[in-house]
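Listing of data-v2.pdb; format and content: PDB, C-alpha atoms and all ligand atoms.
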ATOM      1  CA  MET Y  28     -31.427  19.241  13.978
ATOM      2  CA  SER Y  29     -29.859  18.282  17.315
ATOM      3  CA  SER Y  30     -26.066  17.907  17.380
ATOM      4  CA  HIS Y  31     -26.664  14.332  18.578
ATOM      5  CA  ALA Y  32     -28.157  13.460  15.217
ATOM      6  CA  SER Y  33     -24.674  13.025  13.720
ATOM      7  CA  VAL Y  34     -23.376  10.687  16.440
ATOM      8  CA  PRO Y  35     -24.634   7.358  15.039
ATOM      9  CA  ALA Y  36     -22.645   7.930  11.839
ATOM     10  CA  LEU Y  37     -19.456   8.213  13.933
ATOM     11  CA  VAL Y  38     -20.031   4.974  15.830
ATOM     12  CA  PRO Y  39     -18.204   2.197  13.982
ATOM     13  CA  ARG Y  40     -20.408  -0.618  12.855
ATOM     14  CA  ARG Y  41     -18.477  -3.755  13.756
ATOM     15  CA  PRO Y  42     -18.405  -6.311  10.961
ATOM     16  CA  ALA Y  43     -19.803  -9.648  12.191
ATOM     17  CA  ARG Y  44     -17.049 -11.566  10.362
ATOM     18  CA  LEU Y  45     -13.616 -10.191   9.683
ATOM     19  CA  LEU Y  46     -12.220 -12.849   7.341
ATOM     20  CA  THR Y  47     -13.802 -13.720   4.022
ATOM     21  CA  GLN Y  48     -13.151 -15.906   0.985
ATOM     22  CA  ASN Y  49     -13.828 -15.318  -2.668
ATOM     23  CA  ARG Y  50     -14.078 -18.163  -5.155
ATOM     24  CA  GLU Y  51     -10.453 -17.907  -6.250
ATOM     25  CA  MET Y  52      -9.129 -17.950  -2.686
ATOM     26  CA  ARG Y  53     -11.478 -20.714  -1.556
ATOM     27  CA  ALA Y  54     -10.002 -22.921  -4.271
ATOM     28  CA  ILE Y  55      -6.571 -22.673  -2.642
ATOM     29  CA  GLY Y  56      -7.817 -22.630   0.972
ATOM     30  CA  VAL Y  57      -6.907 -19.005   1.702
ATOM     31  CA  TRP Y  58      -8.869 -16.512   3.795
ATOM     32  CA  ASN Y  59      -8.734 -12.746   3.249
ATOM     33  CA  TRP Y  60      -8.634  -9.667   5.394
ATOM     34  CA  THR Y  61      -9.476  -6.597   3.308
ATOM     35  CA  LEU Y  62      -9.316  -2.841   3.688
ATOM     36  CA  PRO Y  63     -10.485  -0.311   1.119
ATOM     37  CA  ALA Y  64      -7.746   0.512  -1.375
ATOM     38  CA  TRP Y  65      -5.679   3.682  -1.108
ATOM     39  CA  ALA Y  66      -7.372   7.007  -0.273
ATOM     40  CA  GLY Y  67     -11.026   7.667   0.407
ATOM     41  CA  ARG Y  68     -13.623   9.283   2.588
ATOM     42  CA  PHE Y  69     -15.994   7.739   5.095
ATOM     43  CA  PRO Y  70     -19.684   8.717   5.028
ATOM     44  CA  ASP Y  71     -18.988  10.844   8.144
ATOM     45  CA  GLY Y  72     -16.507  12.951   6.150
ATOM     46  CA  ARG Y  73     -13.249  11.619   7.582
ATOM     47  CA  THR Y  74     -10.558  10.860   5.050
ATOM     48  CA  TYR Y  75      -8.139   7.952   5.061
ATOM     49  CA  ASN Y  76      -5.230   6.440   3.172
ATOM     50  CA  THR Y  77      -4.652   2.730   3.602
ATOM     51  CA  CYS Y  78      -1.668   2.581   1.238
ATOM     52  CA  PRO Y  79       0.633   5.404   2.372
ATOM     53  CA  SER Y  80       3.503   4.043   0.263
ATOM     54  CA  ALA Y  81       1.544   3.454  -2.939
ATOM     55  CA  GLY Y  82       3.207   4.805  -6.067
ATOM     56  CA  ILE Y  83       2.167   4.248  -9.671
ATOM     57  CA  CYS Y  84       0.159   1.193  -8.556
ATOM     58  CA  ARG Y  85      -2.668   3.466  -7.450
ATOM     59  CA  ASP Y  86      -3.270   4.501 -11.081
ATOM     60  CA  VAL Y  87      -3.923   0.905 -12.125
ATOM     61  CA  CYS Y  88      -5.141  -0.506  -8.831
ATOM     62  CA  TYR Y  89      -7.343  -3.573  -9.306
ATOM     63  CA  ALA Y  90      -9.085  -2.767  -6.025
ATOM     64  CA  ARG Y  91     -10.269   0.604  -7.296
ATOM     65  CA  HIS Y  92     -12.137  -1.048 -10.124
ATOM     66  CA  GLY Y  93     -15.116  -3.363 -10.709
ATOM     67  CA  THR Y  94     -16.741  -5.193  -7.803
ATOM     68  CA  TYR Y  95     -14.539  -3.410  -5.255
ATOM     69  CA  THR Y  96     -16.375  -0.166  -6.045
ATOM     70  CA  TRP Y  97     -19.869  -1.599  -5.554
ATOM     71  CA  PRO Y  98     -21.497   0.279  -2.630
ATOM     72  CA  THR Y  99     -22.104  -2.828  -0.491
ATOM     73  CA  VAL Y 100     -18.566  -4.115  -1.024
ATOM     74  CA  LYS Y 101     -17.008  -0.715  -0.373
ATOM     75  CA  ALA Y 102     -19.143  -0.262   2.773
ATOM     76  CA  LYS Y 103     -17.927  -3.630   4.110
ATOM     77  CA  HIS Y 104     -14.283  -2.724   3.492
ATOM     78  CA  GLN Y 105     -14.775   0.703   5.059
ATOM     79  CA  ALA Y 106     -16.400  -0.918   8.118
ATOM     80  CA  ASN Y 107     -13.275  -3.084   8.494
ATOM     81  CA  LEU Y 108     -11.092   0.026   8.351
ATOM     82  CA  ARG Y 109     -13.257   1.998  10.778
ATOM     83  CA  PHE Y 110     -12.935  -0.833  13.277
ATOM     84  CA  VAL Y 111      -9.127  -0.691  12.979
ATOM     85  CA  LEU Y 112      -8.905   3.101  13.177
ATOM     86  CA  ASP Y 113     -11.472   3.674  15.906
ATOM     87  CA  ASP Y 114     -10.720   0.753  18.219
ATOM     88  CA  LEU Y 115      -7.432  -0.978  17.422
ATOM     89  CA  PRO Y 116      -7.329  -3.018  20.691
ATOM     90  CA  GLY Y 117     -10.951  -4.132  20.165
ATOM     91  CA  TRP Y 118     -10.212  -5.084  16.562
ATOM     92  CA  GLU Y 119      -7.101  -7.028  17.618
ATOM     93  CA  GLU Y 120      -9.129  -8.925  20.207
ATOM     94  CA  ALA Y 121     -11.899  -9.693  17.695
ATOM     95  CA  MET Y 122      -9.437 -10.847  15.016
ATOM     96  CA  THR Y 123      -7.543 -13.053  17.480
ATOM     97  CA  ALA Y 124     -10.825 -14.562  18.691
ATOM     98  CA  GLU Y 125     -12.109 -15.215  15.156
ATOM     99  CA  LEU Y 126      -8.835 -16.900  14.188
ATOM    100  CA  GLY Y 127      -9.232 -19.209  17.188
ATOM    101  CA  ARG Y 128     -12.036 -21.063  15.402
ATOM    102  CA  ARG Y 129     -11.156 -24.600  14.404
ATOM    103  CA  LYS Y 130     -11.702 -23.926  10.683
ATOM    104  CA  PHE Y 131      -8.646 -21.650  10.539
ATOM    105  CA  ARG Y 132      -6.218 -24.275  11.831
ATOM    106  CA  GLY Y 133      -3.728 -25.276   9.164
ATOM    107  CA  THR Y 134      -5.068 -22.722   6.670
ATOM    108  CA  TRP Y 135      -3.571 -19.547   5.214
ATOM    109  CA  VAL Y 136      -4.739 -15.976   5.705
ATOM    110  CA  ARG Y 137      -3.793 -13.309   3.194
ATOM    111  CA  ILE Y 138      -3.523 -10.025   5.067
ATOM    112  CA  HIS Y 139      -4.916  -7.359   2.723
ATOM    113  CA  ASP Y 140      -6.606  -8.335  -0.446
ATOM    114  CA  SER Y 141      -6.255  -4.565  -0.827
ATOM    115  CA  GLY Y 142      -4.798  -1.905   1.436
ATOM    116  CA  ASP Y 143      -1.509  -2.159   3.298
ATOM    117  CA  PHE Y 144       0.085  -1.952   6.758
ATOM    118  CA  LEU Y 145      -0.891   1.668   7.194
ATOM    119  CA  SER Y 146       0.815   2.428  10.518
ATOM    120  CA  ASP Y 147       3.301   1.032  13.031
ATOM    121  CA  PRO Y 148       0.627   0.304  15.695
ATOM    122  CA  TYR Y 149      -1.484  -1.567  13.131
ATOM    123  CA  LEU Y 150       1.475  -3.683  11.966
ATOM    124  CA  ARG Y 151       2.433  -4.393  15.587
ATOM    125  CA  ALA Y 152      -1.149  -5.509  16.287
ATOM    126  CA  TRP Y 153      -0.914  -7.943  13.357
ATOM    127  CA  LEU Y 154       2.380  -9.329  14.646
ATOM    128  CA  ARG Y 155       0.778 -10.024  18.035
ATOM    129  CA  ILE Y 156      -2.219 -11.691  16.349
ATOM    130  CA  ILE Y 157       0.046 -13.866  14.177
ATOM    131  CA  ARG Y 158       2.090 -14.957  17.199
ATOM    132  CA  ALA Y 159      -1.103 -15.718  19.142
ATOM    133  CA  ARG Y 160      -2.302 -18.078  16.379
ATOM    134  CA  PRO Y 161       0.652 -20.320  15.496
ATOM    135  CA  GLU Y 162      -1.644 -22.989  13.977
ATOM    136  CA  THR Y 163      -2.557 -20.592  11.146
ATOM    137  CA  ASN Y 164      -0.233 -19.336   8.398
ATOM    138  CA  PHE Y 165      -0.272 -15.712   7.289
ATOM    139  CA  TYR Y 166       1.123 -13.916   4.249
ATOM    140  CA  ALA Y 167       1.021 -10.463   2.706
ATOM    141  CA  TYR Y 168       2.167  -8.337  -0.187
ATOM    142  CA  THR Y 169       3.436  -4.979   1.032
ATOM    143  CA  LYS Y 170       4.956  -1.722  -0.154
ATOM    144  CA  GLU Y 171       5.767  -0.682   3.422
ATOM    145  CA  VAL Y 172       9.428  -1.576   3.036
ATOM    146  CA  ALA Y 173      10.901   0.666   5.734
ATOM    147  CA  ARG Y 174       8.226  -0.360   8.246
ATOM    148  CA  PHE Y 175       8.968  -4.045   7.627
ATOM    149  CA  ARG Y 176      12.731  -3.536   7.754
ATOM    150  CA  ALA Y 177      12.300  -1.952  11.205
ATOM    151  CA  LEU Y 178       9.485  -3.967  12.767
ATOM    152  CA  VAL Y 179       9.337  -7.375  11.069
ATOM    153  CA  GLU Y 180      12.675  -8.348   9.571
ATOM    154  CA  PRO Y 181      14.640  -8.417  12.856
ATOM    155  CA  ASP Y 182      12.367 -11.076  14.402
ATOM    156  CA  PRO Y 183       9.630 -12.371  12.080
ATOM    157  CA  PRO Y 184       7.029 -14.846  13.396
ATOM    158  CA  ASP Y 185       7.570 -18.381  12.020
ATOM    159  CA  ASN Y 186       4.058 -18.494  10.577
ATOM    160  CA  PHE Y 187       4.315 -15.236   8.595
ATOM    161  CA  LEU Y 188       5.681 -14.828   5.063
ATOM    162  CA  TRP Y 189       5.638 -11.668   2.953
ATOM    163  CA  VAL Y 190       6.682 -10.363  -0.432
ATOM    164  CA  TYR Y 191       7.616  -6.776  -1.221
ATOM    165  CA  SER Y 192       5.764  -5.483  -4.263
ATOM    166  CA  PHE Y 193       7.069  -2.968  -6.783
ATOM    167  CA  GLY Y 194       5.142   0.107  -7.868
ATOM    168  CA  GLY Y 195       5.456   1.992  -4.600
ATOM    169  CA  ALA Y 196       7.118   5.078  -3.191
ATOM    170  CA  GLN Y 197       9.760   2.906  -1.467
ATOM    171  CA  ASP Y 198      10.856   0.836  -4.480
ATOM    172  CA  ALA Y 199      14.368   2.251  -4.221
ATOM    173  CA  LEU Y 200      14.796   0.476  -0.868
ATOM    174  CA  LEU Y 201      14.331  -2.941  -2.486
ATOM    175  CA  ASP Y 202      17.216  -5.207  -3.406
ATOM    176  CA  ILE Y 203      16.271  -7.797  -6.017
ATOM    177  CA  GLU Y 204      19.414  -9.773  -5.191
ATOM    178  CA  ARG Y 205      18.217 -10.355  -1.633
ATOM    179  CA  ASP Y 206      14.552  -9.505  -1.081
ATOM    180  CA  ARG Y 207      11.537 -11.558  -2.074
ATOM    181  CA  VAL Y 208       9.874  -9.206  -4.554
ATOM    182  CA  ALA Y 209       6.817  -9.162  -6.799
ATOM    183  CA  ASP Y 210       6.423  -7.140  -9.975
ATOM    184  CA  VAL Y 211       3.475  -6.751 -12.347
ATOM    185  CA  PHE Y 212       4.284  -7.575 -15.973
ATOM    186  CA  PRO Y 213       2.183  -6.957 -19.098
ATOM    187  CA  ASP Y 214       1.629 -10.716 -19.578
ATOM    188  CA  GLU Y 215       2.942 -14.222 -18.894
ATOM    189  CA  GLU Y 216       5.385 -14.065 -21.808
ATOM    190  CA  ALA Y 217       7.037 -10.971 -20.339
ATOM    191  CA  ILE Y 218       7.395 -12.733 -16.966
ATOM    192  CA  ALA Y 219       9.080 -15.739 -18.553
ATOM    193  CA  ALA Y 220      11.302 -13.556 -20.757
ATOM    194  CA  ALA Y 221      12.570 -11.721 -17.658
ATOM    195  CA  GLY Y 222      13.334 -15.027 -15.911
ATOM    196  CA  TRP Y 223      10.807 -14.351 -13.134
ATOM    197  CA  HIS Y 224       8.185 -16.844 -11.891
ATOM    198  CA  SER Y 225       4.451 -16.406 -12.316
ATOM    199  CA  GLN Y 226       2.130 -16.774  -9.320
ATOM    200  CA  GLU Y 227      -0.891 -17.089 -11.609
ATOM    201  CA  ALA Y 228      -1.493 -20.779 -10.734
ATOM    202  CA  SER Y 229      -1.789 -19.986  -7.007
ATOM    203  CA  ASP Y 230      -1.432 -16.749  -5.088
ATOM    204  CA  LEU Y 231       0.526 -18.693  -2.451
ATOM    205  CA  LEU Y 232       3.403 -18.991  -4.925
ATOM    206  CA  ALA Y 233       4.088 -15.345  -4.120
ATOM    207  CA  VAL Y 234       5.544 -16.516  -0.807
ATOM    208  CA  LEU Y 235       6.155 -20.242  -1.342
ATOM    209  CA  GLY Y 236       7.582 -20.207  -4.873
ATOM    210  CA  PRO Y 237      10.848 -18.761  -6.211
ATOM    211  CA  ARG Y 238      11.884 -15.363  -4.823
ATOM    212  CA  LEU Y 239      11.319 -13.247  -7.973
ATOM    213  CA  VAL Y 240       7.539 -13.227  -8.360
ATOM    214  CA  GLY Y 241       5.838 -12.171 -11.604
ATOM    215  CA  ILE Y 242       2.201 -11.122 -11.664
ATOM    216  CA  PRO Y 243       0.476 -10.844 -15.039
ATOM    217  CA  ALA Y 244      -1.395  -7.517 -15.321
ATOM    218  CA  ASN Y 245      -5.173  -7.558 -15.034
ATOM    219  CA  ARG Y 246      -6.803  -7.588 -18.462
ATOM    220  CA  ILE Y 247      -8.518  -4.233 -17.897
ATOM    221  CA  PRO Y 248      -8.083  -2.337 -21.197
ATOM    222  CA  HIS Y 249      -7.523   1.193 -19.842
ATOM    223  CA  PHE Y 250      -5.116  -0.138 -17.187
ATOM    224  CA  LEU Y 251      -3.139  -2.034 -19.827
ATOM    225  CA  LYS Y 252      -2.994   1.140 -21.903
ATOM    226  CA  ARG Y 253      -1.560   3.085 -18.960
ATOM    227  CA  LEU Y 254       0.931   0.330 -18.225
ATOM    228  CA  GLY Y 255       2.094   0.700 -21.829
ATOM    229  CA  GLY Y 256       4.089  -2.554 -21.973
ATOM    230  CA  ARG Y 257       6.143  -1.680 -18.871
ATOM    231  CA  THR Y 258       6.410  -3.446 -15.544
ATOM    232  CA  PHE Y 259       5.380  -1.657 -12.346
ATOM    233  CA  ARG Y 260       9.050  -1.533 -11.408
ATOM    234  CA  SER Y 261      10.181   0.120 -14.643
ATOM    235  CA  TRP Y 262       7.227   2.532 -14.632
ATOM    236  CA  GLN Y 263       7.946   3.578 -11.030
ATOM    237  CA  THR Y 264      11.640   4.005 -11.877
ATOM    238  CA  GLU Y 265      10.663   6.348 -14.733
ATOM    239  CA  VAL Y 266       8.398   8.382 -12.464
ATOM    240  CA  ASP Y 267      11.043   8.591  -9.728
ATOM    241  CA  ALA Y 268      13.670   9.721 -12.290
ATOM    242  CA  GLU Y 269      11.319  12.401 -13.667
ATOM    243  CA  ARG Y 270      10.570  13.639 -10.156
ATOM    244  CA  HIS Y 271      14.270  13.715  -9.338
ATOM    245  CA  ALA Y 272      15.068  15.651 -12.538
ATOM    246  CA  HIS Y 273      12.198  18.056 -11.840
ATOM    247  CA  GLY Y 274      13.528  18.601  -8.305
ATOM    248  CA  ARG Y 275      17.006  19.313  -9.691
ATOM    249  CA  ARG Y 276      15.573  21.773 -12.225
ATOM    250  CA  ARG Y 277      13.628  23.554  -9.497
ATOM    251  CA  GLY Y 278      16.726  23.558  -7.296
ATOM    252  CA  GLY Y 279      18.700  25.056 -10.186
ATOM    253  CA  LEU Y 280      16.098  27.741 -10.742
ATOM    254  CA  ARG Y 281      16.104  28.578  -7.036
ATOM    255  CA  LEU Y 282      19.874  28.953  -7.143
ATOM    256  CA  MET Y 283      19.652  31.253 -10.171
ATOM    257  CA  ASP Y 284      16.891  33.227  -8.483
ATOM    258  CA  GLY Y 285      19.007  33.505  -5.324
ATOM    259  CA  ALA Y 286      22.079  34.599  -7.322
ATOM    260  CA  THR Y 287      20.090  37.358  -9.056
ATOM    261  CA  SER Y 288      18.603  38.578  -5.850
ATOM    262  CA  LEU Y 289      21.986  38.811  -4.182
ATOM    263  CA  ARG Y 290      23.138  41.457  -6.671
ATOM    264  CA  PRO Y 291      23.602  44.838  -4.977
ATOM    265  CA  SER Y 292      20.540  47.004  -5.271
ATOM    266  CA  ALA Y 293      20.773  49.433  -8.200
ATOM    267  CA  SER Y 294      19.033  52.224  -6.440
ATOM    268  CA  PRO Y 295      20.487  53.697  -3.266
ATOM    269  CA  GLY Y 296      18.199  53.292  -0.328
ATOM    270  CA  SER Y 297      16.246  50.367  -1.691
ATOM    271  CA  SER Y 298      16.115  47.142   0.339
ATOM    272  CA  GLN Y 299      19.319  45.066   0.475
ATOM    273  CA  VAL Y 300      17.293  41.967   1.462
ATOM    274  CA  PRO Y 301      17.568  39.313  -1.260
ATOM    275  CA  ALA Y 302      14.399  39.034  -3.338
ATOM    276  CA  ALA Y 303      13.882  35.396  -2.452
ATOM    277  CA  LYS Y 304      13.797  36.218   1.256
ATOM    278  CA  ARG Y 305      11.437  39.105   0.683
ATOM    279  CA  HIS Y 306       9.024  36.597  -0.832
ATOM    280  CA  GLY Y 307       9.341  34.362   2.199
ATOM    281  CA  ARG Y 308      11.269  31.592   0.390
ATOM    282  CA  ALA Y 309      14.562  30.042   1.372
ATOM    283  CA  ALA Y 310      17.310  31.452  -0.779
TER     284      ALA Y 310
HETATM  285  S1  LIG Y 401      -0.850  -0.713  -2.628
HETATM  286 FE1  LIG Y 401      -2.267  -2.235  -3.585
HETATM  287  S2  LIG Y 401      -4.316  -1.674  -2.868
HETATM  288 FE2  LIG Y 401      -2.958   0.073  -2.463
HETATM  289  S3  LIG Y 401      -3.187   1.433  -4.263
HETATM  290 FE3  LIG Y 401      -1.422   0.074  -4.667
HETATM  291  S4  LIG Y 401      -2.267  -1.698  -5.779
HETATM  292 FE4  LIG Y 401      -4.015  -0.618  -4.807
END

Would you mind writing the structure in this file as structure tokens?
Amino acid sequence: MSSHASVPALVPRRPARLLTQNREMRAIGVWNWTLPAWAGRFPDGRTYNTCPSAGICRDVCYARHGTYTWPTVKAKHQANLRFVLDDLPGWEEAMTAELGRRKFRGTWVRIHDSGDFLSDPYLRAWLRIIRARPETNFYAYTKEVARFRALVEPDPPDNFLWVYSFGGAQDALLDIERDRVADVFPDEEAIAAAGWHSQEASDLLAVLGPRLVGIPANRIPHFLKRLGGRTFRSWQTEVDAERHAHGRRRGGLRLMDGATSLRPSASPGSSQVPAAKRHGRAA
């Protein structure tokens, strides 16, 4: 087979339309831009991760379940991502042009039904698009807290609202006294008991309603079992604490190992190099 035979698979197939609507979003007049969720592999073998700051959410991710995994749906979402990764300026131009259509005036666009702001250049491209289309409103959930603190918070576009969502690797950067935040709860009763505010009636409440946003968990039995009555925030806190404790234990073991290896060698003439260094590890 000629080496050229593999080229067509590497050429991104440009989606004809970038923004879509499902029934739920159509009911509230919102359009969607979607990437595939979390980590995956393109048919050409390249790997990707659209949610670099995902935490426990990836284990119960709604977008890694059901219709999202159907081959045609997944192929469409991967085509969107390939366009972004392979030709960011071309994608920005196409998105800006599509949003110029009359039907998007006065409407809302949810950036990422699934996926997240995966890089600084991609987020910057979105900020330029949002500024170029002031007649349209945009919103997003994100776990890219540090990226938003640096690139969005100092000078956000007037027509862009966002909510930080718990369950990610950057949860510790969130301040529930100040930030607009969303957390997933086992059910509506748990949201009310915590004094948070459900967005179940309309997804737009996540950015237009009160600042502490409660999302009832999807009724997917094995996801509910994993959630185990916790919120994403409390589950992530548990995982972070376990990781921290594990790191401390490992650090303690390394110290003990280093202390042992620093004992003088028992046999004259044997190496005085600490054992840890002999094994190529930091002492
Ligand atoms: S950030 Fe969202 S889309 Fe990504 S893995 Fe988590 S829940 Fe899924």

Q: Evaluate the PyMOL selection byres (((chain Y and resi 90-107) around 6) and not hetatm) and record the selected residues as a ChimeraX atom specification, following the chain and residue labels used in the document.
A: /Y:62-64,88-89,108-110

**Q.** Cut-off 6 Å, all atoms listed in the file, neighbours of ligand LIG 401 (chain Y) as a PyMOL selection string
**A.** chain Y and resi 64-65+78+81+84-85+88+90+141-142

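Atom CA of His224 of chain Y lies 29.5 Å from atom CA of Glu269 of chain Y.
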
Q. What is the atom CA of Leu200 of chain Y-atom CA of Asn59 of chain Y distance in Å, reported with one decimal?
A.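 Separating atom CA of Leu200 of chain Y from atom CA of Asn59 of chain Y is a distance of 27.3 Å.
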
Got a sec: who's within 6 Å of Ala167 of chain Y, counting only C-alpha atoms, leaving out chain neighbours fewer than 4 positions off, as an mmCIF file with C-alpha atoms, in the coordinates of the input?
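So the final result, stored in selection-v3.cif, reads:
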data_model
loop_
_atom_site.group_PDB
_atom_site.id
_atom_site.type_symbol
_atom_site.label_atom_id
_atom_site.label_comp_id
_atom_site.auth_asym_id
_atom_site.auth_seq_id
_atom_site.Cartn_x
_atom_site.Cartn_y
_atom_site.Cartn_z
ATOM 1 C CA ARG Y 137 -3.793 -13.309 3.194
ATOM 2 C CA ILE Y 138 -3.523 -10.025 5.067
ATOM 3 C CA TRP Y 189 5.638 -11.668 2.953
#

Q | atom CA of Thr264 of chain Y to atom CA of Gly67 of chain Y, distance in Å rounded to a single decimal | A | 26.0 Å

Q. Taking all atoms listed in the file into account, which of Y:Ala121, Y:Val87, Y:Ala220, Y:Ala66 comes nearest Trp262 of chain Y?
A.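 Of Y:Ala121, Y:Val87, Y:Ala220, Y:Ala66, the one nearest Trp262 of chain Y, counting all atoms listed in the file, is Y:Val87.
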
Apply the PyMOL selection byres (((chain Y and resi 215) around 9) and not hetatm) to the structure shown and report the selected residues as an mmCIF file with C-alpha atoms, keeping the file's coordinate frame.
data_model
loop_
_atom_site.group_PDB
_atom_site.id
_atom_site.type_symbol
_atom_site.label_atom_id
_atom_site.label_comp_id
_atom_site.auth_asym_id
_atom_site.auth_seq_id
_atom_site.Cartn_x
_atom_site.Cartn_y
_atom_site.Cartn_z
ATOM 1 C CA PHE Y 212 4.284 -7.575 -15.973
ATOM 2 C CA PRO Y 213 2.183 -6.957 -19.098
ATOM 3 C CA ASP Y 214 1.629 -10.716 -19.578
ATOM 4 C CA GLU Y 216 5.385 -14.065 -21.808
ATOM 5 C CA ALA Y 217 7.037 -10.971 -20.339
ATOM 6 C CA ILE Y 218 7.395 -12.733 -16.966
ATOM 7 C CA ALA Y 219 9.080 -15.739 -18.553
ATOM 8 C CA ALA Y 220 11.302 -13.556 -20.757
ATOM 9 C CA SER Y 225 4.451 -16.406 -12.316
ATOM 10 C CA GLU Y 227 -0.891 -17.089 -11.609
ATOM 11 C CA GLY Y 241 5.838 -12.171 -11.604
ATOM 12 C CA ILE Y 242 2.201 -11.122 -11.664
ATOM 13 C CA PRO Y 243 0.476 -10.844 -15.039
ATOM 14 C CA ALA Y 244 -1.395 -7.517 -15.321
#

Q) Using only C-alpha atoms, which residue out of Y:Gly195, Y:Pro181, Y:Pro42, Y:Gly133 lies closest to Gly82 of chain Y? A) Y:Gly195

(Q) On this structure, the PyMOL selection byres (((chain Y and resi 122) around 12) and not hetatm) would catch which residues? List them as a PyMOL selection string, sorted by chain and number. (A) chain Y and resi 41-46+59-60+107+110-111+115-121+123-128+131+136+138+152-157+159-160

Export, as a tab-separated table (two decimals), in the frame of the given file, the selected residues with C-alpha atoms.
chain	number	residue	atom	x	y	z
Y	41	ARG	CA	-18.48	-3.76	13.76
Y	42	PRO	CA	-18.40	-6.31	10.96
Y	43	ALA	CA	-19.80	-9.65	12.19
Y	44	ARG	CA	-17.05	-11.57	10.36
Y	45	LEU	CA	-13.62	-10.19	9.68
Y	46	LEU	CA	-12.22	-12.85	7.34
Y	59	ASN	CA	-8.73	-12.75	3.25
Y	60	TRP	CA	-8.63	-9.67	5.39
Y	107	ASN	CA	-13.28	-3.08	8.49
Y	110	PHE	CA	-12.94	-0.83	13.28
Y	111	VAL	CA	-9.13	-0.69	12.98
Y	115	LEU	CA	-7.43	-0.98	17.42
Y	116	PRO	CA	-7.33	-3.02	20.69
Y	117	GLY	CA	-10.95	-4.13	20.16
Y	118	TRP	CA	-10.21	-5.08	16.56
Y	119	GLU	CA	-7.10	-7.03	17.62
Y	120	GLU	CA	-9.13	-8.93	20.21
Y	121	ALA	CA	-11.90	-9.69	17.70
Y	123	THR	CA	-7.54	-13.05	17.48
Y	124	ALA	CA	-10.82	-14.56	18.69
Y	125	GLU	CA	-12.11	-15.22	15.16
Y	126	LEU	CA	-8.84	-16.90	14.19
Y	127	GLY	CA	-9.23	-19.21	17.19
Y	128	ARG	CA	-12.04	-21.06	15.40
Y	131	PHE	CA	-8.65	-21.65	10.54
Y	136	VAL	CA	-4.74	-15.98	5.70
Y	138	ILE	CA	-3.52	-10.02	5.07
Y	152	ALA	CA	-1.15	-5.51	16.29
Y	153	TRP	CA	-0.91	-7.94	13.36
Y	154	LEU	CA	2.38	-9.33	14.65
Y	155	ARG	CA	0.78	-10.02	18.04
Y	156	ILE	CA	-2.22	-11.69	16.35
Y	157	ILE	CA	0.05	-13.87	14.18
Y	159	ALA	CA	-1.10	-15.72	19.14
Y	160	ARG	CA	-2.30	-18.08	16.38

With 10 Å as the cut-off and all atoms listed in the file counted, what is the closest atom pair between each nearby residue of segment 68-181 of chain Y and segment 206-211 of chain Y? Distances in Å to one decimal, ordered by chain and number, as a Markdown table.
| residue | atom | partner | partner_atom | distance |
| --- | --- | --- | --- | --- |
| Y:Cys84 | CA | Y:Val211 | CA | 9.4 |
| Y:Tyr168 | CA | Y:Ala209 | CA | 8.1 |
| Y:Thr169 | CA | Y:Ala209 | CA | 9.5 |
| Y:Lys170 | CA | Y:Val208 | CA | 10.0 |

Q | Contacts of Ile55 of chain Y at 9 Å (all atoms listed in the file; same-chain gap of 3+ positions) as a ChimeraX atom specification | A | /Y:51-52,135,229-231

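The residue that comes closest to Asn164 of chain Y, out of Y:Ala196, Y:Ala177, Y:Ile247, Y:Leu188 and on the basis of only C-alpha atoms, is Y:Leu188.
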
Q: Go through Y:Thr258, Y:Asn76, Y:Asn49, Y:Gln263 and flag the residue nearest Asp198 of chain Y, using all atoms listed in the file for the distances.
A: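 Among Y:Thr258, Y:Asn76, Y:Asn49, Y:Gln263, it is Y:Gln263 that comes nearest to Asp198 of chain Y.
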
Q) Which residue, Y:Arg176, Y:Pro79, Y:Gly194, Y:Lys130, has the smallest gap to Phe144 of chain Y when you use only C-alpha atoms? A)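 Among Y:Arg176, Y:Pro79, Y:Gly194, Y:Lys130, it is Y:Pro79 that comes nearest to Phe144 of chain Y.
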
Q. Between Y:Lys252, Y:Arg68, Y:Arg132, Y:His271, which is the closest to Gly56 of chain Y once you count all atoms listed in the file?
A. Y:Arg132
